[in-house]
Each structure stands twice: as C-alpha cells, then as structure tokens.
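Asks: You'll find my_file.cif just under this line, and it carries mmCIF, C-alpha atoms.
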data_final
loop_
_atom_site.label_atom_id
_atom_site.label_comp_id
_atom_site.auth_asym_id
_atom_site.auth_seq_id
_atom_site.Cartn_x
_atom_site.Cartn_y
_atom_site.Cartn_z
CA MET A 1 98.01 122.01 170.50
CA ARG A 2 94.78 121.62 172.48
CA GLY A 3 91.90 120.66 170.22
CA LEU A 4 94.07 118.93 167.64
CA GLY A 5 93.65 115.23 166.88
CA THR A 6 96.45 112.69 167.28
CA SER A 7 97.47 112.84 163.60
CA ALA A 8 97.53 116.64 163.63
CA ARG A 9 99.58 116.74 166.85
CA ARG A 10 102.03 114.22 165.36
CA ALA A 11 102.37 116.34 162.20
CA VAL A 12 103.06 119.48 164.26
CA TRP A 13 105.50 117.63 166.50
CA THR A 14 107.33 116.12 163.52
CA ALA A 15 107.54 119.44 161.66
CA ALA A 16 108.94 121.12 164.76
CA ALA A 17 111.48 118.33 165.25
CA VAL A 18 112.65 118.49 161.63
CA TYR A 19 112.99 122.28 161.82
CA ALA A 20 114.98 122.02 165.05
CA LEU A 21 117.30 119.39 163.57
CA ALA A 22 117.88 121.42 160.41
CA SER A 23 118.60 124.53 162.47
CA SER A 24 121.03 122.73 164.76
CA ALA A 25 122.84 121.18 161.78
CA VAL A 26 123.42 124.64 160.32
CA ALA A 27 124.15 126.48 163.58
CA ALA A 28 126.54 123.99 165.17
CA PRO A 29 129.26 121.65 163.88
CA PRO A 30 128.42 117.94 163.95
CA ALA A 31 129.06 116.41 167.36
CA SER A 32 129.61 112.92 168.73
CA ARG A 33 128.92 113.22 172.41
CA HIS A 34 126.87 110.11 173.04
CA VAL A 35 127.70 107.76 170.14
CA GLN A 36 131.10 106.26 169.38
CA PRO A 37 131.60 105.19 165.72
CA GLU A 38 134.13 102.70 164.39
CA LEU A 39 134.85 101.15 160.99
CA VAL A 40 135.52 97.40 161.26
CA ALA A 41 135.80 94.35 158.96
CA ASP A 42 134.91 90.67 159.24
CA VAL A 43 138.32 89.61 157.85
CA GLU A 44 141.93 90.09 158.91
CA SER A 45 143.18 90.40 155.32
CA ILE A 46 141.73 90.71 151.83
CA ALA A 47 142.43 89.13 148.44
CA ALA A 48 141.87 90.11 144.81
CA GLY A 49 138.24 89.76 143.70
CA ARG A 50 137.09 88.24 147.03
CA PRO A 51 134.13 90.12 148.58
CA PHE A 52 134.20 90.74 152.31
CA GLN A 53 132.20 92.86 154.72
CA ALA A 54 133.14 96.11 156.39
CA GLY A 55 130.73 97.81 158.74
CA LEU A 56 129.95 100.88 160.78
CA ARG A 57 129.81 100.01 164.45
CA LEU A 58 127.90 102.51 166.60
CA ARG A 59 128.06 102.31 170.39
CA MET A 60 125.41 104.42 172.09
CA GLU A 61 125.25 105.62 175.67
CA PRO A 62 122.27 104.35 177.70
CA GLU A 63 118.94 105.94 176.65
CA TRP A 64 120.40 107.31 173.40
CA HIS A 65 119.51 105.93 169.99
CA THR A 66 120.25 106.26 166.27
CA TYR A 67 117.93 105.56 163.33
CA TRP A 68 116.97 102.87 160.83
CA LYS A 69 116.73 103.48 157.05
CA ASN A 70 113.12 104.61 157.57
CA PRO A 71 113.30 106.64 160.78
CA GLY A 72 109.52 106.76 161.22
CA ASP A 73 107.76 109.96 162.26
CA SER A 74 110.99 111.83 162.98
CA GLY A 75 114.75 111.38 162.68
CA LEU A 76 117.41 110.78 160.01
CA ALA A 77 118.82 107.53 158.69
CA THR A 78 122.52 106.87 159.30
CA ARG A 79 124.60 107.38 156.14
CA LEU A 80 128.00 106.16 154.92
CA SER A 81 129.93 107.97 152.17
CA TRP A 82 132.82 105.79 150.99
CA LYS A 83 136.23 106.84 149.66
CA LEU A 84 137.74 103.62 148.32
CA PRO A 85 140.90 102.75 146.37
CA GLU A 86 140.54 102.49 142.60
CA GLY A 87 138.55 99.46 141.49
CA PHE A 88 136.90 98.77 144.86
CA GLN A 89 133.08 98.62 144.99
CA ALA A 90 130.85 99.14 148.03
CA GLY A 91 127.30 97.82 148.27
CA PRO A 92 124.44 99.39 150.24
CA ILE A 93 124.08 99.21 154.01
CA GLU A 94 122.44 95.95 155.08
CA TRP A 95 120.09 97.06 157.86
CA PRO A 96 119.37 94.87 160.91
CA TYR A 97 115.72 95.17 161.87
CA PRO A 98 115.08 98.07 164.28
CA GLU A 99 113.42 98.79 167.61
CA VAL A 100 110.39 101.05 168.12
CA PHE A 101 110.73 104.32 170.08
CA LYS A 102 107.82 106.42 171.29
CA GLN A 103 108.08 109.99 172.55
CA GLY A 104 104.79 111.82 172.90
CA PRO A 105 102.87 111.45 169.63
CA VAL A 106 106.07 110.61 167.70
CA THR A 107 107.01 106.99 166.89
CA SER A 108 110.44 106.27 165.41
CA TYR A 109 112.55 103.26 164.38
CA GLY A 110 116.20 102.73 165.28
CA TYR A 111 118.82 101.21 167.55
CA THR A 112 120.01 101.39 171.15
CA GLY A 113 123.11 100.04 172.87
CA GLU A 114 125.20 98.91 169.93
CA VAL A 115 124.57 98.24 166.26
CA LEU A 116 126.74 97.06 163.39
CA LEU A 117 125.68 98.12 159.88
CA PRO A 118 127.40 95.77 157.38
CA VAL A 119 128.38 96.68 153.81
CA THR A 120 129.78 94.23 151.23
CA ILE A 121 133.08 95.45 149.71
CA THR A 122 134.43 93.87 146.52
CA PRO A 123 138.14 94.36 145.68
CA PRO A 124 139.23 94.48 142.03
CA PRO A 125 140.43 91.19 140.48
CA THR A 126 143.81 92.79 139.67
CA LEU A 127 144.67 93.65 143.28
CA ALA A 128 148.29 92.63 143.92
CA PRO A 129 149.22 90.92 147.21
CA GLY A 130 151.92 92.24 149.49
CA ALA A 131 150.64 95.76 150.17
CA SER A 132 147.91 97.27 152.34
CA VAL A 133 144.83 99.26 151.38
CA THR A 134 142.97 101.96 153.29
CA LEU A 135 139.18 102.05 153.25
CA SER A 136 137.76 105.42 154.23
CA ALA A 137 134.22 106.57 154.85
CA ARG A 138 132.38 109.50 156.33
CA ALA A 139 129.62 108.46 158.73
CA ASP A 140 126.68 110.79 159.41
CA TRP A 141 124.02 109.99 161.98
CA LEU A 142 121.54 111.55 164.38
CA GLU A 143 121.83 110.68 168.07
CA CYS A 144 118.72 111.29 170.15
CA ARG A 145 117.32 110.99 173.63
CA GLU A 146 114.96 113.83 174.59
CA ALA A 147 116.98 116.11 172.31
CA CYS A 148 118.88 115.26 169.14
CA LEU A 149 122.44 115.98 168.03
CA PRO A 150 123.92 115.46 164.55
CA GLY A 151 127.00 113.27 164.48
CA ARG A 152 129.73 113.01 161.86
CA ARG A 153 133.10 111.28 161.76
CA GLU A 154 135.75 110.56 159.13
CA LEU A 155 136.74 106.92 159.61
CA SER A 156 139.35 104.63 158.06
CA LEU A 157 140.40 101.00 158.13
CA VAL A 158 143.71 99.50 156.93
CA LEU A 159 143.75 95.90 155.68
CA PRO A 160 146.69 93.89 154.28
CA VAL A 161 146.39 92.26 150.85
CA ARG A 162 147.43 88.62 150.62
CA GLY A 163 147.40 85.94 147.97
CA ASP A 164 145.58 83.30 150.01
CA ALA A 165 141.91 83.21 151.02
CA PRO A 166 140.95 85.88 153.59
CA ARG A 167 140.78 84.70 157.18
CA ALA A 168 137.85 85.63 159.41
CA SER A 169 138.60 88.26 162.01
CA ALA A 170 138.76 86.70 165.46
CA GLN A 171 137.71 90.04 166.95
CA TRP A 172 134.87 91.06 164.64
CA ALA A 173 133.52 87.98 162.86
CA PRO A 174 131.16 87.15 165.78
CA ALA A 175 129.76 90.70 165.73
CA PHE A 176 129.10 90.46 161.98
CA ALA A 177 127.41 87.09 162.48
CA ALA A 178 125.14 88.61 165.15
CA ALA A 179 124.30 91.54 162.85
CA ARG A 180 123.52 89.22 159.92
CA ALA A 181 121.17 87.24 162.17
CA ARG A 182 119.05 90.41 162.49
CA ILE A 183 119.09 91.27 158.79
CA PRO A 184 115.74 90.34 157.19
CA GLN A 185 115.97 87.31 154.95
CA ALA A 186 114.34 86.70 151.59
CA SER A 187 110.80 85.48 152.08
CA ALA A 188 111.31 82.00 150.58
CA GLY A 189 108.26 79.88 151.34
CA TRP A 190 106.19 82.83 152.55
CA ALA A 191 103.19 84.22 150.67
CA PHE A 192 102.16 87.84 151.17
CA GLU A 193 99.48 90.10 149.81
CA ALA A 194 98.25 93.53 150.87
CA ARG A 195 94.61 94.57 151.02
CA GLU A 196 93.27 98.08 151.46
CA THR A 197 90.11 99.56 152.87
CA PRO A 198 89.56 103.27 153.57
CA ASP A 199 90.68 102.86 157.19
CA ARG A 200 92.91 99.76 157.11
CA ILE A 201 95.94 98.26 155.42
CA VAL A 202 95.92 94.50 155.87
CA LEU A 203 98.99 92.33 155.34
CA VAL A 204 97.85 88.76 154.70
CA MET A 205 100.67 86.29 155.36
CA ARG A 206 101.01 82.57 154.90
CA PRO A 207 104.18 81.21 156.52
CA PRO A 208 106.15 78.31 155.03
CA ARG A 209 105.20 74.79 156.04
CA GLY A 210 106.63 73.90 159.43
CA GLN A 211 106.87 77.50 160.63
CA ALA A 212 106.33 77.79 164.40
CA GLU A 213 103.19 79.51 165.65
CA ILE A 214 103.33 83.31 165.36
CA ARG A 215 102.26 85.10 168.54
CA GLN A 216 103.30 88.66 167.77
CA ALA A 217 104.19 90.51 164.57
CA HIS A 218 105.26 94.01 163.59
CA PHE A 219 105.65 95.46 160.11
CA PHE A 220 108.29 98.14 159.39
CA PRO A 221 107.66 99.88 156.03
CA ASP A 222 110.63 100.75 153.84
CA ARG A 223 109.42 104.34 153.47
CA GLY A 224 107.30 106.89 155.27
CA GLN A 225 103.72 107.95 154.55
CA VAL A 226 102.48 104.36 154.26
CA ILE A 227 101.21 103.37 157.71
CA ASP A 228 100.55 105.32 160.89
CA HIS A 229 103.74 104.38 162.78
CA GLY A 230 102.22 105.04 166.19
CA ALA A 231 98.97 103.11 165.72
CA PRO A 232 98.67 99.55 167.07
CA GLN A 233 99.14 96.64 164.67
CA SER A 234 96.63 93.86 165.23
CA LEU A 235 97.53 90.22 164.49
CA ALA A 236 94.83 87.60 163.95
CA ARG A 237 94.62 84.13 162.48
CA ALA A 238 93.20 83.77 158.99
CA SER A 239 92.52 80.86 156.69
CA GLY A 240 95.86 79.15 156.19
CA GLY A 241 97.82 81.96 157.81
CA TYR A 242 97.55 85.32 159.56
CA ARG A 243 96.32 88.88 159.07
CA LEU A 244 98.16 91.95 160.33
CA GLU A 245 95.89 95.01 160.35
CA MET A 246 97.46 98.49 160.29
CA THR A 247 96.20 102.07 160.12
CA PRO A 248 97.14 104.04 156.98
CA ALA A 249 99.25 107.17 157.36
CA PRO A 250 97.09 110.32 157.26
CA ASN A 251 98.65 111.41 153.94
CA ALA A 252 99.28 107.97 152.45
CA ALA A 253 98.95 107.74 148.68
CA ARG A 254 96.04 105.50 147.81
CA PRO A 255 95.85 102.96 146.37
CA LEU A 256 99.20 101.65 147.59
CA GLY A 257 99.84 99.33 144.68
CA ALA A 258 102.38 97.41 146.77
CA LEU A 259 103.60 97.11 150.34
CA ALA A 260 107.35 96.80 150.92
CA GLY A 261 109.22 96.49 154.17
CA VAL A 262 110.24 94.11 156.94
CA LEU A 263 108.04 91.74 158.94
CA VAL A 264 109.36 90.75 162.38
CA THR A 265 107.54 87.88 164.09
CA GLU A 266 107.82 86.39 167.58
CA GLY A 267 106.73 82.89 168.48
CA SER A 268 107.70 79.58 170.00
CA GLY A 269 110.56 79.39 167.48
CA GLY A 270 112.01 82.76 168.51
CA SER A 271 112.29 85.89 166.34
CA THR A 272 112.10 85.87 162.56
CA ALA A 273 112.63 88.81 160.19
CA VAL A 274 111.70 88.52 156.52
CA ARG A 275 111.46 90.88 153.57
CA VAL A 276 107.96 91.78 152.41
CA ASP A 277 107.18 92.80 148.83
CA ALA A 278 103.43 92.35 148.62
CA LYS A 279 101.18 93.35 145.76
CA SER A 280 98.03 95.15 146.74
CA VAL A 281 94.78 93.40 145.82
CA ALA A 282 91.14 94.42 146.12
CA PRO A 283 89.62 93.70 149.54
CA SER A 284 87.35 90.71 149.94
CA ALA A 285 83.60 91.21 150.40
CA LYS A 286 83.98 90.88 154.18
CA GLU A 287 86.68 93.59 154.23
CA LYS A 288 84.76 96.13 152.16
CA PRO A 289 83.25 98.97 154.21
#
Show how you would write the structure in this file as structure tokens.

Replies:
Amino acid sequence: MRGLGTSARRAVWTAAAVYALASSAVAAPPASRHVQPELVADVESIAAGRPFQAGLRLRMEPEWHTYWKNPGDSGLATRLSWKLPEGFQAGPIEWPYPEVFKQGPVTSYGYTGEVLLPVTITPPPTLAPGASVTLSARADWLECREACLPGRRELSLVLPVRGDAPRASAQWAPAFAAARARIPQASAGWAFEARETPDRIVLVMRPPRGQAEIRQAHFFPDRGQVIDHGAPQSLARASGGYRLEMTPAPNAARPLGALAGVLVTEGSGGSTAVRVDAKSVAPSAKEKP
C-alpha cells in the first residue's frame, strides 16, 4: 500500500478485514475461545407487569475485545436475539460508552475485560405467581486481538414469579449499577450544535451551570461515515462553553443535517457521558474557509 494516503490505507485495511471476517464466518462455525458469555438479571424474582433488567455479560481474556454498537472502522456490534415467553417484551441494548482501539490505520470502539449490556424486560400484567419462566437469547459477537473470531452462544435464564415486589439480586445488582453508570444520560442542561466546514465538523457544547471544568472530551458517533475515527479530536474553550473539532470521514454525506452520538468528558468532577443530538447550523464567519 506504498503511495496511498492514510484514508486510502484505512479503506483498504477495513475492506480486507470485513472480507476476512465474512469468509471466516462462512468457513468455520462460531467459536468462543476468548470470551465467556452469560445471561444475568438484576432481580432474584419477577412479578406481573414489573419491568426489570436482564443483561449479556461478556468476560474477555486479556488483550481481547468486543465491539460497541458503532464498531468504528472495522468490527461487528454484539447482538442479542431474544426468545421470550408469550407477552414478554424486550427493549434494545443499553450500551455503556466504549473504549478506543487502534491497530495500524484502523480505529475501533468496544470493550475489554468485562462488560454488561443491559436490556429492560417487561413481563405481561397477567403473569401468575407461583411458577418460573425461562428467558432465552442467542448472543452473537466478534472477539478480536490481532485476529478476529466470530462468537455465538444460546443462553438462558430461569426466574421465579412471585406476587410481591421483585428483590434486587445480591449477586448482580452491583454489576448492573456499574453498567448503568457508564450508560450515557440524557443531556438535560446541556446545549449542543454542530457546525460544518469542508475540512472540519465542530461540536459546540455548553455544559449545565455548575458543571466541573472539562479537560478532555471524545465524541463517539452513533453510526459510521460521519467522522474520521482515527483522527485527533481537538478540545478548546469557546464563548460560554467548549468546541470539539473533528475531521469528517472521507465519504461522509454532506451536509450532515444533525450529529448524533455520545460525548464522554473528563475533568475535575470525573467522567461524564451524555447523549448528543445536535442540529447542524451554518458555520460562523470565523469558521468559513
């Protein structure tokens, strides 16, 4: 790939990775050599009409990782396919904010060590106490270090049905609390807008009153082909807030119209993760090329 620019090398690398993953998925059965999955719940019992949380817990060997809902330049998001008793409803995965992985020109988003992906389950209001129910789901993921392996497992969880209020699980409630602490919150009190120039996407942010000073920030877009995942993100103070400058993806649709994703900030108050749904506005005179 001598003579190619960074974007071209990343495109070639990514295409090769996707082809290799597709080929391995067809040629070999799904494996789980480096990731151990488990289906767990934040309660010890359930009751009619009372929502609770179940979750996919993934434990990864050192140096191995799995992927966020937007895997970045390469990878596949973890998926859950539920098989629930009649009348039960499952919500979407609630994604804790990810880490950043770099390998050559490829930048990806995901998790190392251990992650719990919560899902809200709502039992039907007619569920009778005294029996047990089985929640089943098929988990599909991609586990990667230098090479990648597809993983798949059929999982199940049995919970008793009782007439009183569900009790928190002594074993798993702390893990769910830790996972929820990393799930981006609604941006109450924040103000966001996105501005575009030919070579920049700028997220202008105004934190709520009393917010601790922001020293570092990283934006994770909900989907690909928005920003260049591997390019640095530059944080600077602005009038009444901050500016986070990013490089557009080489094939990003322009104009954006809106910028959606997760903003993770670090400062004297610790880490904060908030949802971003910012409308795109015309750049100011100073930002125009």

Asks: Using all atoms listed in the file, can you tell me which of A:Thr265, A:Gln103, A:Pro85, A:Pro248 comes closest to Ala147 of chain A?

Replies: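 Of all the options, A:Gln103 lies closest to Ala147 of chain A.
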
Asks: Using only C-alpha atoms, which protein or nucleic acid residues come within 9 Å of Glu193 of chain A? Drop anything in the same chain fewer than 5 positions from it, and give the result as a PyMOL selection string.

Replies: chain A and resi 202-205+258-259+277-281

Asks: Just checking: using only C-alpha atoms, which residue out of A:Gly55, A:Pro198, A:Gly49, A:Pro221 ends up closest to Val264 of chain A?

Replies: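 Comparing A:Gly55, A:Pro198, A:Gly49, A:Pro221 against Val264 of chain A, the winner is A:Pro221.
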
Asks: Which residues match the PyMOL selection byres ((chain A and resi 164-166) around 9) in the file above, as a count of residues only?

Replies: 13

Asks: With only C-alpha atoms as the atoms that count, which of A:Phe101, A:Phe176, A:Trp82, A:Phe88 lies nearest to Trp64 of chain A?

Replies: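 That would be A:Phe101, the residue with the smallest distance to Trp64 of chain A.
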
Asks: Need the shell around segment 224-235 of chain A: protein/DNA/RNA residues with any atom at most 6 Å away, counting all atoms listed in the file. Skip same-chain ones fewer than 3 positions apart. Format as a PyMOL selection string?

Replies: chain A and resi 107+243-249+252

Asks: For Asp140 of chain A, find every residue with an atom within 12 Å (counting all atoms listed in the file), except residues of its own chain fewer than 3 positions away, and show them as a list in words.

Replies: Ala25, Pro30, Ala31, Ser32, Val35, Gln36, Pro37, Leu56, Leu58, Thr66, Tyr67, Leu76, Ala77, Thr78, Arg79, Leu80, Ser81, Trp82, Ala137, Glu143, Leu149, Pro150, Gly151, Arg152, Arg153, Glu154 and Leu155 of chain A
